[in-house]
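Data first, discussion second: the structure below is written as structure tokens.
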Amino acid sequence: MRDTLYANVPFRLNEISHRYGPQVHLVGNPFLLSQLATLCAKGTVQPQINRLVELLYADLVKTVINAEFPRKMVAIPTRMVDSTPQGIFQGEVIDAHTRVVTVNIARAGTLPSQVTYDLLNVTVDPTLVRQDHIIMSRMIDAEHMVVGSNIGGAKIGGDVDDAIVLFPDPMGATGGSLSTAISLYKNKVPGKPRRIITLNLIVTPEYLRRLTTEHPDVTIYALRLDRGLSPPEVFGTEPGTHWDKERGLDERQYIVPGGGGFGEIMNNAYV
């Protein structure tokens, strides 16, 4: 007899309520928020910085896999099958025949993408997992304001047809770099992805507005929303209620309260 207990495994994402739209998920996880607070704290230095980034992304990637990846029913003999014909597990698992591409946006995205890549290789068929690499830089005007993003180089290993394409980039500040990278995959890389998902540690209201406007089909997962430069009447309201007033970027486009430039602190290179 087949036990249907695990035929349809529920996964309920714990997320913070907001009004940014259904494609945005602000993950409500006290443990991860605690670790992220430590990561961003003044006085936290290497090697603790990268160890915390690894920890946070390992859990964030698992959240996305649970919520977004396809599943399939399996019947897998256990070691007990030699003793009894009932020694077979039957249930729903992540479909190993899922094509996935993780995109490293250097610098800050290098370690998160590697963590994502390694975890995917033990979750689905590793022959279907690929890591791409993009080198990007912000473009600054005479007033030192960010006016765009420039792709300095890329190593893209093939098409993305029917693939889940992941962009694990820690800081969603202006959204310029990620929007440019996503546009590259939509317009220049052959194939139509099954879905495109960003994985961010911190995002701003400005980032969410840009991504949801320019790429409304993209799903966003973030651990924390920072809107520390908003006017007083915004604080205490549900995120997105006063989206036009919410602000999380200072005059240099750094996130507040944020945690500094992650490409800088992760590489100990302040240029």
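Residues in the structure tokens are named by chain (A, B, ... in the order shown) and by number from 1 within that chain; ligands are numbered from 1 in the order shown.
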
Could you give me the residues within stretch 18-141 of chain A that DSSP places in alpha helix (DSSP H), as a ChimeraX atom specification?
/A:30-40,48-68,110-121

Residue contacts of A:Gly240 (8 Å, only C-alpha atoms) excluding same-chain residues fewer than 6 positions away, as a list of chain:residue names:
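Here the answer would be A:His18, A:Arg19, A:Tyr20, A:Pro205, A:Glu246.
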
Same residues, all heavy atoms, output as an mmCIF file, in the first residue's frame:
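Dumped everything to selection_29.cif:
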data_model
loop_
_atom_site.group_PDB
_atom_site.id
_atom_site.type_symbol
_atom_site.label_atom_id
_atom_site.label_comp_id
_atom_site.auth_asym_id
_atom_site.auth_seq_id
_atom_site.Cartn_x
_atom_site.Cartn_y
_atom_site.Cartn_z
ATOM 1 N N HIS A 18 3.805 43.373 3.130
ATOM 2 C CA HIS A 18 4.193 44.611 2.444
ATOM 3 C C HIS A 18 3.238 44.854 1.289
ATOM 4 O O HIS A 18 2.347 44.046 1.004
ATOM 5 C CB HIS A 18 5.631 44.508 1.925
ATOM 6 C CG HIS A 18 5.825 43.422 0.910
ATOM 7 N ND1 HIS A 18 5.453 43.557 -0.414
ATOM 8 C CD2 HIS A 18 6.337 42.168 1.019
ATOM 9 C CE1 HIS A 18 5.736 42.455 -1.066
ATOM 10 N NE2 HIS A 18 6.264 41.580 -0.218
ATOM 11 N N ARG A 19 3.441 45.992 0.612
ATOM 12 C CA ARG A 19 2.597 46.370 -0.521
ATOM 13 C C ARG A 19 3.418 46.599 -1.789
ATOM 14 O O ARG A 19 3.050 47.409 -2.633
ATOM 15 C CB ARG A 19 1.799 47.630 -0.162
ATOM 16 C CG ARG A 19 0.896 47.456 1.048
ATOM 17 C CD ARG A 19 0.031 48.663 1.300
ATOM 18 N NE ARG A 19 -0.753 48.499 2.523
ATOM 19 C CZ ARG A 19 -1.648 49.381 2.972
ATOM 20 N NH1 ARG A 19 -1.867 50.514 2.276
ATOM 21 N NH2 ARG A 19 -2.305 49.169 4.091
ATOM 22 N N TYR A 20 4.493 45.863 -1.920
ATOM 23 C CA TYR A 20 5.348 46.013 -3.091
ATOM 24 C C TYR A 20 4.934 45.110 -4.253
ATOM 25 O O TYR A 20 5.497 45.216 -5.340
ATOM 26 C CB TYR A 20 6.805 45.712 -2.731
ATOM 27 C CG TYR A 20 7.391 46.655 -1.710
ATOM 28 C CD1 TYR A 20 7.989 46.154 -0.551
ATOM 29 C CD2 TYR A 20 7.357 48.028 -1.892
ATOM 30 C CE1 TYR A 20 8.550 47.011 0.390
ATOM 31 C CE2 TYR A 20 7.906 48.894 -0.955
ATOM 32 C CZ TYR A 20 8.492 48.374 0.184
ATOM 33 O OH TYR A 20 9.047 49.218 1.116
ATOM 34 N N PRO A 205 13.738 50.479 -0.842
ATOM 35 C CA PRO A 205 12.526 50.752 -1.624
ATOM 36 C C PRO A 205 12.852 51.190 -3.045
ATOM 37 O O PRO A 205 12.119 50.860 -3.990
ATOM 38 C CB PRO A 205 11.859 51.877 -0.837
ATOM 39 C CG PRO A 205 12.361 51.726 0.561
ATOM 40 C CD PRO A 205 13.775 51.257 0.418
ATOM 41 N N GLU A 246 9.365 56.532 0.767
ATOM 42 C CA GLU A 246 10.372 55.660 1.373
ATOM 43 C C GLU A 246 11.735 55.870 0.719
ATOM 44 O O GLU A 246 11.843 55.969 -0.504
ATOM 45 C CB GLU A 246 9.952 54.194 1.250
ATOM 46 C CG GLU A 246 8.728 53.840 2.076
ATOM 47 C CD GLU A 246 8.334 52.396 1.928
ATOM 48 O OE1 GLU A 246 8.807 51.726 0.976
ATOM 49 O OE2 GLU A 246 7.557 51.909 2.746
#

Between A:Thr237, A:Pro70, A:Met266, A:Thr174, which is the closest to A:Arg252 once you count only C-alpha atoms?
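Nearest to A:Arg252: A:Thr174.
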
Residue list (strand (DSSP E), DSSP) for stretch 156-207 of chain A, as a VMD selection string:
chain A and resid 164 to 168 171 to 172 195 to 203

A:Gly43 surroundings by only C-alpha atoms, 12 Å radius, close-in-sequence under 5 positions cut, as a PyMOL selection string:
chain A and resi 37-38+48-49+259-260+265

Point-to-point distance in Å for atom CA of A:Ala108 and atom CA of A:Met136
10.4 Å

Minimum-distance residue to A:Gly258, chosen among A:Leu128, A:Phe11, A:Lys42, A:Gly236 (using only C-alpha atoms)
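Smallest distance to A:Gly258 is found for A:Lys42.
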
Hey, what's within 9 Å of A:Asn29 if we count only C-alpha atoms and toss same-chain stuff fewer than 5 positions away? As a PyMOL selection string, please?
chain A and resi 14-15+34+223

Dump of N, CA, C and O atoms for the selected residues, as a short mmCIF file (atom, residue, chain, number, x, y, z; two decimals), in the first residue's frame:
data_model
loop_
_atom_site.label_atom_id
_atom_site.label_comp_id
_atom_site.auth_asym_id
_atom_site.auth_seq_id
_atom_site.Cartn_x
_atom_site.Cartn_y
_atom_site.Cartn_z
N ASN A 14 7.58 32.13 5.50
CA ASN A 14 7.35 33.14 6.53
C ASN A 14 7.90 34.47 6.02
O ASN A 14 9.11 34.63 5.88
N GLU A 15 7.01 35.39 5.69
CA GLU A 15 7.48 36.66 5.14
C GLU A 15 6.77 37.84 5.77
O GLU A 15 5.67 37.73 6.30
N SER A 34 19.27 38.09 12.77
CA SER A 34 20.28 38.26 13.81
C SER A 34 21.69 38.16 13.24
O SER A 34 22.58 38.96 13.56
N LEU A 223 16.29 39.29 2.68
CA LEU A 223 16.20 39.07 4.12
C LEU A 223 15.77 40.32 4.86
O LEU A 223 15.11 40.24 5.88
#

Atom CA of A:Ile197 to atom CA of A:Gln35 measures 22.6 Å

Distance query A:Val160 at most 8 Å, only C-alpha atoms, self and fewer than 2 positions along chain excluded, as a PyMOL selection string
chain A and resi 101+158+162-165+189-193

Dump of C-alpha atoms for the selected residues, as a CSV table (one decimal), in the first residue's frame:
chain,number,residue,atom,x,y,z
A,101,VAL,CA,22.1,28.9,-13.7
A,158,GLY,CA,25.4,28.7,-22.8
A,162,ASP,CA,13.8,26.4,-19.3
A,163,ALA,CA,16.4,27.2,-16.6
A,164,ILE,CA,15.8,28.8,-13.3
A,165,VAL,CA,18.3,31.7,-13.4
A,189,VAL,CA,21.5,35.1,-24.0
A,190,PRO,CA,19.6,32.4,-26.1
A,191,GLY,CA,16.6,30.7,-24.6
A,192,LYS,CA,13.7,31.6,-22.4
A,193,PRO,CA,14.3,31.0,-18.6
